[in-house]
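Notes follow the structure.
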Amino acid sequence: MVEPPDLTIRAAAEALRAGTITSSGLLDAVLDQASRTEAELHSYLTIDREGATAAAEAADIAFSRGEDRGLLQGIPVAVKDNMVTNGVETTAGSQVLSGYVPPYDATAVARLRTAGAVIVGKANLDEFAMGSSTENSAYGPTRNPWNTDRVPGGSSGGAAASVAAGSALASLGSDTGGSIRQPASLCGVVGMKPTYGLVSRYGLIAFASSLDQIGPIARTVDDAVTVLEAIAGHDPLDATSYRGQLPEFRAGIGRGVDGMRVGVVRELSGEGIDADVLAAFEKTLERLRGAGAKVVDASLPSTSYALSCYYLIAPAECSANLARFDGVRYGNRVDGDTVEEMMGRTRRSGFGPEVTRRVLLGTYALSAGYYDAFYGQAQRVRTLVSRDFASAYEHVDVLVSPTSPTTAFELGARTQDPLSMYMSDVCTIPTNLSGDPSISVPVGLDGEGLPIGFQVMAPALGEPVLFQAAAEIERLSDFEPLRAAEAGA
Amino acid sequence: MSYEAVIGIETHVELRTRSKMFCGCSAEFGAEPNTHTCPVCLGLPGSLPVPNEQAIDWIIAIGLALNSTIAPRSVFHRKNYFYADMPKNYQISQFDIPVCSNGRLAVEVDGEQALIGVTRVHMEEDTGKSTHVGGDGRIQSADYTLLDFNRAGVPLVEIVSEPDLRSPAQARAYVQELREIVATLDVSDVKLEEGSMRFDANISLRPEGIEEFGVKVEIKNMNSFRSLERALSFEIDRQQRVLDQGGRVVLETRHWDEAAGVTHSMRSKEESSDYRYFTEPDLVPIEISDEWRERIRSELPELPAQRRARYVEMGVDPLTAATVVGGGLGEIFEVAVSTGGSARTVSNWLVGEVTAYLRRESTSIGETPLTGEGLAELAHLVESGDLSGSAAKPVLEGVLSGEGSPREVAVARDLLVMKDTGALEAVVDEILAGHPDEATRLREGDMKVLGYLMGMVMRATGGKADPKLANEMLRDRA
């Protein structure tokens, strides 16, 4: 029998409607799981026991009255702590916001609530979503539920770990350079970055506005779609949010991949990728071929510059986005004799080293005399990357690569070497630059029993074909998710 | 040596939209501090800007009124600098592609017209307001500073002129004309005292006949048209002294001290900030279609220059026309003329007695009982001879202070011309009888004495005698 914390949203939704469990019971099981594992894993920064209990009770009352707002009604979910929650502390993993209680809900959070979801708490992350291991959280790292010596990836490490460990059935992450997909890959769950603009960024504490996108982390592709359906759609509060008709996300699911043209991105699928990861990747390609897909070679020549381009654009935008944390209106303040001194002290003590590094990098890249060589050049490269994708999609329906060059690495292994940490995102960054959707699906384990993710990419608004391929990859794989009972062992 | 002044002006105009530029908060002036705020205009974590379309309509209108080119695709930028009253520590502004560029504005000083280039008109958001408490009211000496974010995010239009202005008077004429245009478009309160219109000036001197610009100084804190003119005059004198003594003008920002009538150095431009402009990633470019632009153009009201020209064609002299239009008296003038008042007479009253009254009482025309119809009625009274030209003045005052319509005031104050022939005959006869010598001389054709006798008649009737009638009677009855 499947223990409640191991349920998929689909299965839990059926059980809730069959009356075999209640939302409150499901929440209790998830909270029990959290109290068993959190001391070790630290996937949550805040557990909102009170709010979650009330939401679960409300869901149970709704069920008893025959009110049904869809599959998420009564489902416990986690929210990465860079999305603001009305009345619940939101820190973005930073000291500068410790104790900060927002007066409003992010649109994605509000939409989860509207769908009847039960928000368990706020998931740990790298400070302001800057990092690939969740070790940059000012409140201590999250550990990988598969092996607690390992990182869960990042920056949505807490969001991915909570789902892998059974302390949430799904979660919301944010992805600026791979921050949903890479931790999903390292934690053996599904993580999806939607087309830029599909999900409102209103209430997402900005890291790099032109790259940030909220997306689902879940145990199955089907569940990820369920969450995406709840949060996607135009928001008048986000000027960059997509205004057109939403694609039919489920249109392709179950149709298989017979005849689908799958392009293997040469530049992301060879050099620098661990052998076990490559082996699992090749095995998946083989299965796709077996299912009738036309697996072909594809090239994104400009992606060799993507990482450098990303590390100019993201810091540049973050240098402005983080300027508001100055101690004047909210968050922590460290006093000084003058306003400038107060702001300087507040920021120096409030930001960790990685955030400080990126703010300085970005400030430099935008400075007079350097702008054109750095930020301007990066924007041109970004255009080239987008063009590469566009020409590749003239020949293929989806592009694929490993999600992460490696499986989960040990805590502390890369903290002293920012560049090696940055390399964790080499496969995921290109679709942030192009704004296209992409997803990581677990496909196997390495020699040490750590999960391996497989990345599928599709053109903008190509979610239907993306999910079609991902669902089939999931179906063909023999990957076994972690059982809650084994999490954090 | 003789120098030529080179002046450029940056004008900021707060639009009077109901809501702010990037959120739904009220943009109204004067509310309790920090009551018109929300997550967006306070720059709370996670909030995002959404542009106010009304503001875009209005900046297009301003651009068109200044003969600018409207960019089909305009981009917002972030201007980065730290200041306590700026919630995000960057201002959403525009950089390389403003909504409007390459405009021009005709200004006139002492009958001489000049065409002033308007480099750009761009859209941005206002900052909050700092009140420094303690010390001399400036930040350096303050005990603490109070912040009010009601103004943060109010739509602000920046209008940048070319360095085409050559004198303080011309600079003043330029900002006055700008103010009239914006007021006519009805897109801003343009109240200098409330800061809804503000300006900074750049000024340099160059030897007469030399093309190359001198080193410029930026002047801030000029809160009236007069202080703009004074500050520029002061600065011309100051720079001239520096240059004449063989010194060099320093590139800097100077603060106008209204009370002392001098400018002080605020900060050197060398140490000024690098704003690190970059495209605002939270906003998409503003796409302004031909249809949108042309719709705004078709809705433009008659602009001050067009209106002045029309009044001149109606027979009003140019200076009077400018005062009528500039003084906000165009509407009442139009009504008065369309209900039959003579353009010349009505406009003269408006710039004379009416303007003097408004100034004396510190009020505006809309707050007085005087209407266009009333002015037309007054004009009829004078033209029909029922009221003497000189009696029109006290009648106007009576109407303005609420005594009734022109006829009612004229009757109540007993100012109507005596039309009763019998009564006037009696007065004339009495005067002729009392001045037999003069009567005789008049009879003998000595017209010089007529003026004297007319004066007597007028004195006896308190100025109400119909002059033409009295004149005839004196000659007939002498």
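Each chain in the structure tokens gets a letter, A, B, ..., in the order shown, and its residues are numbered from 1; ligands are numbered from 1 in order too.
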Next on the checklist: At a cut-off of 6 Å, using only C-alpha atoms, what residues contact segment 46-51 of chain B? Leave out same-chain residues fewer than 5 positions from it and give the result as a VMD selection string.
Outcome noted: (chain A and resid 202 to 205 239) or (chain B and resid 21 to 22 39 to 40)
Next, write the just-selected residues to a file, as an mmCIF file, in the first residue's frame, keeping N, CA and C atoms as the atom set.
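And here's part-v7.cif as it stands now:
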```
data_model
loop_
_atom_site.group_PDB
_atom_site.id
_atom_site.type_symbol
_atom_site.label_atom_id
_atom_site.label_comp_id
_atom_site.auth_asym_id
_atom_site.auth_seq_id
_atom_site.Cartn_x
_atom_site.Cartn_y
_atom_site.Cartn_z
ATOM 1 N N TYR A 202 4.422 38.123 -10.394
ATOM 2 C CA TYR A 202 4.032 39.053 -9.347
ATOM 3 C C TYR A 202 4.139 38.367 -7.990
ATOM 4 N N GLY A 203 4.948 38.930 -7.117
ATOM 5 C CA GLY A 203 5.144 38.343 -5.796
ATOM 6 C C GLY A 203 6.325 37.396 -5.717
ATOM 7 N N LEU A 204 6.977 37.160 -6.828
ATOM 8 C CA LEU A 204 8.234 36.403 -6.812
ATOM 9 C C LEU A 204 9.343 37.419 -6.572
ATOM 10 N N ILE A 205 10.084 37.253 -5.496
ATOM 11 C CA ILE A 205 11.155 38.206 -5.192
ATOM 12 C C ILE A 205 12.213 38.067 -6.284
ATOM 13 N N ALA A 239 3.341 42.871 -16.215
ATOM 14 C CA ALA A 239 3.310 43.388 -17.583
ATOM 15 C C ALA A 239 3.967 42.431 -18.572
ATOM 16 N N MET B 21 1.793 55.880 -11.922
ATOM 17 C CA MET B 21 2.320 55.413 -13.202
ATOM 18 C C MET B 21 2.323 53.904 -13.311
ATOM 19 N N PHE B 22 2.647 53.213 -12.212
ATOM 20 C CA PHE B 22 2.831 51.767 -12.331
ATOM 21 C C PHE B 22 2.002 50.960 -11.330
ATOM 22 N N PRO B 39 2.124 47.724 -2.311
ATOM 23 C CA PRO B 39 3.390 47.015 -2.485
ATOM 24 C C PRO B 39 4.221 47.531 -3.663
ATOM 25 N N VAL B 40 3.555 47.954 -4.746
ATOM 26 C CA VAL B 40 4.310 48.368 -5.932
ATOM 27 C C VAL B 40 5.042 49.682 -5.695
#
```
Tell me, as a PDB file with N, CA and C atoms, in the first residue's frame, which residues lie within 10 Å of Glu162 of chain B, counting only C-alpha atoms; anything in the same chain fewer than 5 positions away does not count.
```
ATOM      1  N   VAL B   6      24.201  80.507 -23.177  1.00  0.00           N
ATOM      2  CA  VAL B   6      23.613  79.327 -23.822  1.00  0.00           C
ATOM      3  C   VAL B   6      22.863  78.561 -22.732  1.00  0.00           C
ATOM      4  N   ILE B   7      21.552  78.471 -22.904  1.00  0.00           N
ATOM      5  CA  ILE B   7      20.722  77.913 -21.830  1.00  0.00           C
ATOM      6  C   ILE B   7      19.875  76.759 -22.350  1.00  0.00           C
ATOM      7  N   GLY B   8      19.832  75.698 -21.571  1.00  0.00           N
ATOM      8  CA  GLY B   8      18.919  74.589 -21.853  1.00  0.00           C
ATOM      9  C   GLY B   8      18.124  74.305 -20.593  1.00  0.00           C
ATOM     10  N   ILE B   9      16.909  73.838 -20.767  1.00  0.00           N
ATOM     11  CA  ILE B   9      16.059  73.632 -19.585  1.00  0.00           C
ATOM     12  C   ILE B   9      15.447  72.235 -19.572  1.00  0.00           C
ATOM     13  N   GLU B  10      15.507  71.612 -18.392  1.00  0.00           N
ATOM     14  CA  GLU B  10      14.816  70.341 -18.168  1.00  0.00           C
ATOM     15  C   GLU B  10      13.592  70.647 -17.324  1.00  0.00           C
ATOM     16  N   ASN B 102      12.860  65.185 -30.875  1.00  0.00           N
ATOM     17  CA  ASN B 102      12.958  66.171 -31.962  1.00  0.00           C
ATOM     18  C   ASN B 102      11.771  67.111 -32.072  1.00  0.00           C
ATOM     19  N   GLY B 103      11.335  67.636 -30.949  1.00  0.00           N
ATOM     20  CA  GLY B 103      10.240  68.596 -30.992  1.00  0.00           C
ATOM     21  C   GLY B 103      10.759  70.021 -31.116  1.00  0.00           C
ATOM     22  N   ARG B 104       9.837  70.958 -31.186  1.00  0.00           N
ATOM     23  CA  ARG B 104      10.242  72.369 -31.191  1.00  0.00           C
ATOM     24  C   ARG B 104       9.096  73.220 -30.663  1.00  0.00           C
ATOM     25  N   ILE B 116      12.657  77.005 -30.385  1.00  0.00           N
ATOM     26  CA  ILE B 116      13.499  76.295 -29.425  1.00  0.00           C
ATOM     27  C   ILE B 116      13.327  74.787 -29.635  1.00  0.00           C
ATOM     28  N   GLY B 117      14.436  74.099 -29.817  1.00  0.00           N
ATOM     29  CA  GLY B 117      14.370  72.648 -30.003  1.00  0.00           C
ATOM     30  C   GLY B 117      13.994  71.957 -28.697  1.00  0.00           C
ATOM     31  N   VAL B 118      13.148  70.927 -28.813  1.00  0.00           N
ATOM     32  CA  VAL B 118      12.822  70.112 -27.646  1.00  0.00           C
ATOM     33  C   VAL B 118      13.404  68.722 -27.923  1.00  0.00           C
ATOM     34  N   THR B 119      14.566  68.472 -27.324  1.00  0.00           N
ATOM     35  CA  THR B 119      15.318  67.255 -27.619  1.00  0.00           C
ATOM     36  C   THR B 119      14.466  66.006 -27.427  1.00  0.00           C
ATOM     37  N   ARG B 120      13.837  65.941 -26.242  1.00  0.00           N
ATOM     38  CA  ARG B 120      13.090  64.729 -25.923  1.00  0.00           C
ATOM     39  C   ARG B 120      12.033  65.006 -24.873  1.00  0.00           C
TER      40      ARG B 120
END
```
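Every protein, DNA or RNA residue with an atom at most 6 Å from segment 350-363 of chain A, where only C-alpha atoms count and chain neighbours fewer than 4 positions away do not, is listed here: Gln95, Val96, Pro315, Ala316, Ser319 and Thr346 of chain A.
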Restricting it to N, CA and C atoms, dump the selection as a PDB file, in the first residue's frame.
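Listing of result18.pdb after writing:
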```pdb
ATOM      1  N   GLN A  95      19.387  36.920   5.170  1.00  0.00           N
ATOM      2  CA  GLN A  95      19.379  37.559   6.479  1.00  0.00           C
ATOM      3  C   GLN A  95      18.693  38.924   6.405  1.00  0.00           C
ATOM      4  N   VAL A  96      18.828  39.575   5.253  1.00  0.00           N
ATOM      5  CA  VAL A  96      18.312  40.945   5.151  1.00  0.00           C
ATOM      6  C   VAL A  96      16.793  40.967   5.295  1.00  0.00           C
ATOM      7  N   PRO A 315      23.475  38.759 -13.078  1.00  0.00           N
ATOM      8  CA  PRO A 315      23.986  39.681 -12.057  1.00  0.00           C
ATOM      9  C   PRO A 315      23.613  41.139 -12.327  1.00  0.00           C
ATOM     10  N   ALA A 316      23.611  41.543 -13.607  1.00  0.00           N
ATOM     11  CA  ALA A 316      23.257  42.937 -13.913  1.00  0.00           C
ATOM     12  C   ALA A 316      21.847  43.228 -13.420  1.00  0.00           C
ATOM     13  N   SER A 319      21.628  43.226  -9.642  1.00  0.00           N
ATOM     14  CA  SER A 319      22.228  44.376  -8.952  1.00  0.00           C
ATOM     15  C   SER A 319      21.188  45.475  -8.752  1.00  0.00           C
ATOM     16  N   THR A 346      23.613  47.837   6.383  1.00  0.00           N
ATOM     17  CA  THR A 346      22.485  46.913   6.251  1.00  0.00           C
ATOM     18  C   THR A 346      22.769  45.901   5.152  1.00  0.00           C
TER      19      THR A 346
END
```
Checklist entry - Which residues of chain B are close to chain A, meaning at most 9 Å apart when you count only C-alpha atoms, and how do they look as a ChimeraX atom specification? => result /B:23,39,42-51,78,80-90,140,274-278,280-284
Keeping only N, CA and C atoms, write those residues as a short mmCIF file (atom, residue, chain, number, x, y, z; two decimals), in the first residue's frame.
```cif
data_model
loop_
_atom_site.label_atom_id
_atom_site.label_comp_id
_atom_site.auth_asym_id
_atom_site.auth_seq_id
_atom_site.Cartn_x
_atom_site.Cartn_y
_atom_site.Cartn_z
N CYS B 23 1.04 51.61 -10.67
CA CYS B 23 0.16 50.87 -9.77
C CYS B 23 -1.17 51.60 -9.69
N PRO B 39 2.12 47.72 -2.31
CA PRO B 39 3.39 47.02 -2.48
C PRO B 39 4.22 47.53 -3.66
N LEU B 42 5.74 51.12 -2.97
CA LEU B 42 6.67 51.06 -1.84
C LEU B 42 7.87 50.19 -2.18
N GLY B 43 7.85 49.59 -3.37
CA GLY B 43 8.96 48.72 -3.76
C GLY B 43 9.08 47.50 -2.87
N LEU B 44 7.95 46.95 -2.41
CA LEU B 44 8.04 45.74 -1.58
C LEU B 44 8.58 44.58 -2.42
N PRO B 45 9.24 43.63 -1.75
CA PRO B 45 9.78 42.48 -2.48
C PRO B 45 8.69 41.80 -3.29
N GLY B 46 9.00 41.49 -4.55
CA GLY B 46 8.08 40.73 -5.39
C GLY B 46 7.13 41.56 -6.22
N SER B 47 6.99 42.85 -5.90
CA SER B 47 6.01 43.64 -6.64
C SER B 47 6.54 44.01 -8.02
N LEU B 48 5.62 44.26 -8.94
CA LEU B 48 5.98 44.55 -10.33
C LEU B 48 5.19 45.76 -10.84
N PRO B 49 5.80 46.52 -11.76
CA PRO B 49 5.12 47.69 -12.31
C PRO B 49 4.23 47.32 -13.50
N VAL B 50 3.09 48.00 -13.63
CA VAL B 50 2.26 47.87 -14.84
C VAL B 50 1.95 49.30 -15.30
N PRO B 51 2.28 49.63 -16.55
CA PRO B 51 2.16 51.03 -16.98
C PRO B 51 0.72 51.53 -17.04
N ARG B 78 15.89 51.34 -16.42
CA ARG B 78 16.10 51.59 -14.99
C ARG B 78 17.25 52.56 -14.83
N ASN B 80 19.68 53.77 -12.05
CA ASN B 80 20.08 53.24 -10.74
C ASN B 80 20.82 54.27 -9.90
N TYR B 81 20.28 54.59 -8.74
CA TYR B 81 21.01 55.33 -7.72
C TYR B 81 20.28 55.16 -6.40
N PHE B 82 21.04 55.23 -5.34
CA PHE B 82 20.45 55.02 -4.01
C PHE B 82 19.98 56.34 -3.43
N TYR B 83 18.74 56.37 -3.03
CA TYR B 83 18.24 57.52 -2.29
C TYR B 83 17.09 57.05 -1.42
N ALA B 84 17.05 57.53 -0.18
CA ALA B 84 16.10 56.98 0.78
C ALA B 84 14.64 57.12 0.35
N ASP B 85 14.33 58.18 -0.43
CA ASP B 85 12.92 58.33 -0.80
C ASP B 85 12.60 57.67 -2.14
N MET B 86 13.56 56.90 -2.66
CA MET B 86 13.28 56.17 -3.90
C MET B 86 13.13 54.68 -3.55
N PRO B 87 11.90 54.17 -3.58
CA PRO B 87 11.62 52.86 -2.99
C PRO B 87 12.45 51.71 -3.56
N LYS B 88 12.69 51.68 -4.83
CA LYS B 88 13.41 50.54 -5.41
C LYS B 88 14.91 50.83 -5.54
N ASN B 89 15.29 52.04 -5.21
CA ASN B 89 16.66 52.51 -5.45
C ASN B 89 17.04 52.45 -6.93
N TYR B 90 16.03 52.38 -7.76
CA TYR B 90 16.19 52.74 -9.18
C TYR B 90 14.88 53.39 -9.57
N GLN B 140 22.14 67.31 5.46
CA GLN B 140 23.41 67.21 6.18
C GLN B 140 23.27 67.54 7.67
N ASP B 274 27.07 57.39 -11.81
CA ASP B 274 26.90 56.66 -13.06
C ASP B 274 25.60 55.90 -12.87
N TYR B 275 24.59 56.24 -13.65
CA TYR B 275 23.26 55.70 -13.39
C TYR B 275 23.05 54.27 -13.90
N ARG B 276 24.02 53.73 -14.59
CA ARG B 276 23.96 52.33 -15.04
C ARG B 276 22.60 51.97 -15.66
N TYR B 277 22.17 52.81 -16.58
CA TYR B 277 20.89 52.55 -17.25
C TYR B 277 20.88 51.18 -17.91
N PHE B 278 19.81 50.46 -17.79
CA PHE B 278 19.59 49.28 -18.65
C PHE B 278 18.09 49.06 -18.81
N GLU B 280 14.44 48.11 -18.65
CA GLU B 280 13.62 47.62 -17.53
C GLU B 280 13.02 46.27 -17.92
N PRO B 281 13.51 45.18 -17.30
CA PRO B 281 13.04 43.86 -17.73
C PRO B 281 11.63 43.52 -17.25
N ASP B 282 11.09 44.32 -16.34
CA ASP B 282 9.73 44.06 -15.86
C ASP B 282 8.66 44.64 -16.78
N LEU B 283 9.09 45.38 -17.79
CA LEU B 283 8.12 46.01 -18.69
C LEU B 283 8.44 45.65 -20.13
N VAL B 284 7.44 45.61 -20.95
CA VAL B 284 7.66 45.39 -22.37
C VAL B 284 7.68 46.75 -23.06
#
```
Item to check | For Pro304 of chain B: contacts at 10 Å, only C-alpha atoms, fewer than 4 positions along chain excluded, given as number ranges by chain | outcome: B: 65, 177-178, 180-185, 308-310, 321-322, 325-326, 330
Item to check | All residues 9 Å or closer to segment 457-470 of chain B, only C-alpha atoms, same chain fewer than 5 positions away omitted, as an MDAnalysis selection string | outcome: chainID B and resid 385:388 390:391 414:419 421 424:425 427:428 431 452 475
Same residues, C-alpha atoms, output as a compact mmCIF listing (two decimals), in the first residue's frame:
```
# COMPACT_ATOMS: atom_id res chain seq x y z
CA GLY B 385 -24.66 104.29 -25.35
CA ASP B 386 -26.58 103.27 -22.23
CA LEU B 387 -23.35 103.24 -20.27
CA SER B 388 -20.34 105.46 -20.74
CA SER B 390 -15.67 105.18 -18.08
CA ALA B 391 -18.68 103.87 -16.14
CA ASP B 414 -27.12 104.83 -10.83
CA LEU B 415 -24.55 104.76 -13.62
CA LEU B 416 -26.81 104.50 -16.69
CA VAL B 417 -26.67 107.33 -19.18
CA MET B 418 -29.48 109.92 -18.91
CA LYS B 419 -31.67 109.25 -21.90
CA THR B 421 -34.39 114.41 -23.03
CA LEU B 424 -31.25 116.78 -19.75
CA GLU B 425 -32.80 119.86 -21.38
CA VAL B 427 -29.91 120.72 -16.89
CA VAL B 428 -28.58 122.31 -20.10
CA ILE B 431 -26.16 125.78 -17.10
CA TYR B 452 -16.03 123.78 -20.83
CA ARG B 475 -25.44 124.16 -29.40
```
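Within segment 25-121 of chain B, residues classed as helix (DSSP H, G or I) by DSSP on backbone coordinates are Glu53, Gln54, Ala55, Ile56, Asp57, Trp58, Ile59, Ile60, Ala61, Ile62, Gly63, Leu64 and Ala65 of chain B.
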Take the residues from that selection and put them in a file with C-alpha atoms, as a JSON list (two decimals), in the first residue's frame.
```
[["chain", "number", "residue", "atom", "x", "y", "z"],
["B", 53, "GLU", "CA", -2.09, 53.84, -20.31],
["B", 54, "GLN", "CA", -3.69, 57.19, -19.61],
["B", 55, "ALA", "CA", -0.21, 58.54, -18.87],
["B", 56, "ILE", "CA", 1.05, 57.23, -22.19],
["B", 57, "ASP", "CA", -1.86, 58.91, -23.98],
["B", 58, "TRP", "CA", -0.95, 62.14, -22.29],
["B", 59, "ILE", "CA", 2.75, 62.10, -22.97],
["B", 60, "ILE", "CA", 1.93, 61.46, -26.63],
["B", 61, "ALA", "CA", -0.34, 64.53, -26.49],
["B", 62, "ILE", "CA", 2.46, 66.61, -24.98],
["B", 63, "GLY", "CA", 4.86, 65.34, -27.63],
["B", 64, "LEU", "CA", 2.47, 66.15, -30.46],
["B", 65, "ALA", "CA", 1.79, 69.62, -29.02]]
```
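The residue set within 8 Å of Gly263 of chain A, counting only C-alpha atoms and dropping same-chain residues fewer than 4 places from it, reads Val295, Val296, Asp297, Ala298, Ala392, Val396, Asp397, Val398, Leu399 and Val400 of chain A.
Between atom CA of Val277 of chain A and atom CA of Thr406 of chain A the separation is 6.5 Å.
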Item to check | Option closest in space to Ala259 of chain B, from B:Met222, B:His132, B:Ser338, B:Ser188 [counting only C-alpha atoms] | outcome: B:Met222
Checklist entry - If you run DSSP on this backbone, which residues of segment 171-418 of chain A come out as strand (DSSP E or B), and could you give them as JSON, numbers by chain? => result {"A": [171, 172, 173, 174, 175, 190, 191, 192, 193, 199, 204, 213, 214, 215, 216, 217, 218, 232, 261, 262, 263, 264, 265, 294, 295, 296, 297, 298, 398, 399, 400, 401, 402, 410]}
What lies within 6 Å of Gly153 of chain B using only C-alpha atoms, ignoring chain neighbours under 3 positions off, as a PDB file with N, CA and C atoms, in the first residue's frame?
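Output contents, as saved in around_18.pdb:
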```pdb
ATOM      1  N   LYS B  20      -1.373  56.206 -10.076  1.00  0.00           N
ATOM      2  CA  LYS B  20       0.055  56.386 -10.303  1.00  0.00           C
ATOM      3  C   LYS B  20       0.506  55.709 -11.601  1.00  0.00           C
ATOM      4  N   MET B  21       1.793  55.880 -11.922  1.00  0.00           N
ATOM      5  CA  MET B  21       2.320  55.413 -13.202  1.00  0.00           C
ATOM      6  C   MET B  21       2.323  53.904 -13.311  1.00  0.00           C
ATOM      7  N   CYS B  41       4.321  50.719  -5.238  1.00  0.00           N
ATOM      8  CA  CYS B  41       4.992  52.018  -5.116  1.00  0.00           C
ATOM      9  C   CYS B  41       5.847  52.111  -3.851  1.00  0.00           C
ATOM     10  N   GLU B 125       8.796  57.887 -13.383  1.00  0.00           N
ATOM     11  CA  GLU B 125       8.001  57.917 -12.158  1.00  0.00           C
ATOM     12  C   GLU B 125       8.650  58.880 -11.179  1.00  0.00           C
ATOM     13  N   ASP B 126       7.808  59.518 -10.362  1.00  0.00           N
ATOM     14  CA  ASP B 126       8.335  60.444  -9.375  1.00  0.00           C
ATOM     15  C   ASP B 126       8.860  59.653  -8.169  1.00  0.00           C
TER      16      ASP B 126
END
```
Show me, as CSV, the residues of segment 189-273 of chain A having an atom within 8 Å of segment 168-177 of chain A, each with the closest atom pair and its distance in Å, using only C-alpha atoms.
```
residue,atom,partner,partner_atom,distance
A:Lys193,CA,A:Asp175,CA,6.3
A:Phe207,CA,A:Thr176,CA,7.6
A:Ala208,CA,A:Thr176,CA,6.8
A:Leu211,CA,A:Thr176,CA,5.0
A:Asp212,CA,A:Thr176,CA,4.4
A:Gln213,CA,A:Asp175,CA,5.3
A:Ile214,CA,A:Ser174,CA,4.2
A:Gly215,CA,A:Gly173,CA,5.5
A:Pro216,CA,A:Leu172,CA,4.8
A:Ile217,CA,A:Ser171,CA,5.1
A:Ala218,CA,A:Ala170,CA,4.4
A:Arg219,CA,A:Ala170,CA,7.0
A:Asp223,CA,A:Ala170,CA,7.7
A:Ala224,CA,A:Ala170,CA,7.8
A:Val227,CA,A:Ala170,CA,7.9
```
